[in-house]
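Step one of this worksheet: look at the structure below.
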Amino acid sequence: MTIRVLLVDDQPLLRTGFRLILEAETDLTVVGEAGDGKAAQEQARALLPDVVLMDVRMPGVDGIDATRRIVREATAGVHVPKVLVLTTFDLDEYIVEALRAGASGFLLKDVPPDELVNAIRVVAAGDAIVAPSITRRLLDRFATRLPPAHPQSCPLYTSPSP
């Protein structure tokens, strides 16, 4: 099976680099490119990619809003592309908003090429992926908001031996 990828980044040189990396793989094909979120939404609708590789900061419609629009359109019964956000900006608000918008993954642009390729495959398969450094922060934030655990109510709990 070939995974169809739409590249969305406002920098043509970066799109070219991503294209070269992805098209070296036999199971990935770049079906289109867009330089802003509005064009990304139009291209996603027209080209029906499996995965949209989405930048965050772009002129006009940014990547977060474009992700939201693409996912909203997909939930209305149209083809459902997965969105993998790829950005330079390691900011918690971008991460949280991208995930809330429906992104299936969030990576930083310093990701090694083989990890980017693997992430596209993971997202295309219906799973999610987040950069390890970001996962650690998300887990730390999430864990601090959980109520204290009560070991006796856990089915796996065994009382300590006296």
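Residues are named by chain letter and number: chains run A, B, ... in the order of the structure tokens, numbers start at 1 in each chain, and ligands are numbered from 1 in the order shown.
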Give me the residues near Ala119 of chain A as a PyMOL selection string, where near means some atom within 9 Å (using only C-alpha atoms) and where sequence neighbours in that chain fewer than 4 positions away do not count.
chain A and resi 84+105+107+114-115+123-124+128-130
Those selected residues, please, written with N, CA, C and O atoms and delivered as a PDB file, in the first residue's frame.
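As written to disk, again04.pdb reads:
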ATOM      1  N   LEU A  84      -0.226  15.220  10.660  1.00  0.00           N
ATOM      2  CA  LEU A  84       0.995  15.123  11.454  1.00  0.00           C
ATOM      3  C   LEU A  84       1.634  16.501  11.448  1.00  0.00           C
ATOM      4  O   LEU A  84       2.082  16.984  10.403  1.00  0.00           O
ATOM      5  N   GLY A 105      -0.471  13.575  15.356  1.00  0.00           N
ATOM      6  CA  GLY A 105       0.914  13.553  15.790  1.00  0.00           C
ATOM      7  C   GLY A 105       1.499  14.942  15.834  1.00  0.00           C
ATOM      8  O   GLY A 105       0.968  15.882  15.237  1.00  0.00           O
ATOM      9  N   LEU A 107       5.559  16.536  15.852  1.00  0.00           N
ATOM     10  CA  LEU A 107       7.011  16.360  15.858  1.00  0.00           C
ATOM     11  C   LEU A 107       7.686  17.698  15.639  1.00  0.00           C
ATOM     12  O   LEU A 107       7.087  18.631  15.095  1.00  0.00           O
ATOM     13  N   ASP A 114      14.635   9.271   9.248  1.00  0.00           N
ATOM     14  CA  ASP A 114      14.030   7.946   9.426  1.00  0.00           C
ATOM     15  C   ASP A 114      12.887   7.977  10.434  1.00  0.00           C
ATOM     16  O   ASP A 114      11.906   7.247  10.299  1.00  0.00           O
ATOM     17  N   GLU A 115      12.983   8.857  11.441  1.00  0.00           N
ATOM     18  CA  GLU A 115      11.904   8.979  12.417  1.00  0.00           C
ATOM     19  C   GLU A 115      10.690   9.693  11.812  1.00  0.00           C
ATOM     20  O   GLU A 115       9.552   9.377  12.148  1.00  0.00           O
ATOM     21  N   VAL A 123       1.078   7.262  11.792  1.00  0.00           N
ATOM     22  CA  VAL A 123      -0.139   8.065  11.693  1.00  0.00           C
ATOM     23  C   VAL A 123      -1.067   7.508  10.607  1.00  0.00           C
ATOM     24  O   VAL A 123      -2.279   7.411  10.801  1.00  0.00           O
ATOM     25  N   ALA A 124      -0.500   7.116   9.481  1.00  0.00           N
ATOM     26  CA  ALA A 124      -1.316   6.557   8.395  1.00  0.00           C
ATOM     27  C   ALA A 124      -2.019   5.280   8.842  1.00  0.00           C
ATOM     28  O   ALA A 124      -3.132   4.989   8.391  1.00  0.00           O
ATOM     29  N   ALA A 128      -1.157   7.253  16.863  1.00  0.00           N
ATOM     30  CA  ALA A 128      -0.710   8.620  17.128  1.00  0.00           C
ATOM     31  C   ALA A 128       0.751   8.599  17.539  1.00  0.00           C
ATOM     32  O   ALA A 128       1.251   7.594  18.050  1.00  0.00           O
ATOM     33  N   ILE A 129       1.403   9.726  17.324  1.00  0.00           N
ATOM     34  CA  ILE A 129       2.814   9.831  17.705  1.00  0.00           C
ATOM     35  C   ILE A 129       3.111  11.263  18.131  1.00  0.00           C
ATOM     36  O   ILE A 129       2.601  12.209  17.544  1.00  0.00           O
ATOM     37  N   VAL A 130       3.903  11.375  19.180  1.00  0.00           N
ATOM     38  CA  VAL A 130       4.336  12.675  19.674  1.00  0.00           C
ATOM     39  C   VAL A 130       5.823  12.546  19.983  1.00  0.00           C
ATOM     40  O   VAL A 130       6.265  11.505  20.491  1.00  0.00           O
TER      41      VAL A 130
END
Polymer residues at most 12 Å from Glu93 of chain A, only C-alpha atoms, same-chain spacing of 2 or more positions, as a list in words:
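Near Glu93 of chain A, the qualifying residues are Val56, Ile64, Phe89, Asp90, Leu91, Ile95, Val96, Glu97, Ala98, Leu99, Arg100, Ala101, Ile134, Arg137 and Leu138 of chain A.
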Any chance you could list, as a PyMOL selection string, the residues in chain A that come up alpha helix (DSSP H) when DSSP is run on the backbone?
chain A and resi 12-23+37-47+63-75+92-101+113-124+132-145
Do you know which residues are at most 7 Å from Asp55 of chain A counting only C-alpha atoms, after dropping those on the same chain fewer than 4 positions away, and could you put them as a PyMOL selection string?
chain A and resi 8-9+63+85-87
Measuring atom to atom with only C-alpha atoms, identify which of A:Asn118, A:Thr67, A:Thr29, A:Gln11 is nearest to Asp50 of chain A.
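Nearest to Asp50 of chain A: A:Thr29.
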Which residues come within 10 Å of Leu22 of chain A, counting only C-alpha atoms, excluding same-chain residues fewer than 3 positions away, as a PyMOL selection string?
chain A and resi 5+16-19+25-30+113-114+116-117+120
Could you please determine the separation between atom CA of Gln43 of chain A and atom CA of Leu13 of chain A in Å, to one decimal place?
19.1 Å
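Among the candidate residues A:Ala46, A:Pro12, A:Ser133, A:Arg121, the one lying nearest to Met58 of chain A is A:Pro12, with distances computed using only C-alpha atoms.
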My list of candidates is A:Ala24, A:Leu108, A:Val31, A:Ala44. Which is closest to Val80 of chain A when distances are computed with only C-alpha atoms?
A:Ala44
Just the strand (DSSP E or B) stuff from segment 4-162 of chain A, please, per backbone DSSP, written as a ChimeraX atom specification.
/A:4-8,28-34,51-54,82-87,105-108,129-130
Which value, in Å to one decimal, gives the distance between atom CA of Asp62 of chain A and atom CA of Pro49 of chain A?
19.0 Å
Find the residue from A:Ala125, A:Arg15, A:Thr144, A:Gly102 that sits nearest to Thr2 of chain A; use only C-alpha atoms when measuring.
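Looking only at the distances to Thr2 of chain A, the closest residue turns out to be A:Ala125.
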Quick one: of A:Gly37, A:Gly60, A:Pro112, A:Pro132, who's nearest to Ile21 of chain A, counting only C-alpha atoms?
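Of the candidates, the smallest distance to Ile21 of chain A is held by A:Pro112.
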A:Asp140, A:Asp65, A:Asp92, A:Glu23 ranked by distance to Phe106 of chain A, top pick (using only C-alpha atoms)
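Checking each of A:Asp140, A:Asp65, A:Asp92, A:Glu23 against Phe106 of chain A, counting only C-alpha atoms, the winner is A:Asp92.
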Length of the atom CA of Arg45 of chain A to atom CA of Lys109 of chain A vector [Å]:
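Distance between the two atoms: 25.3 Å.
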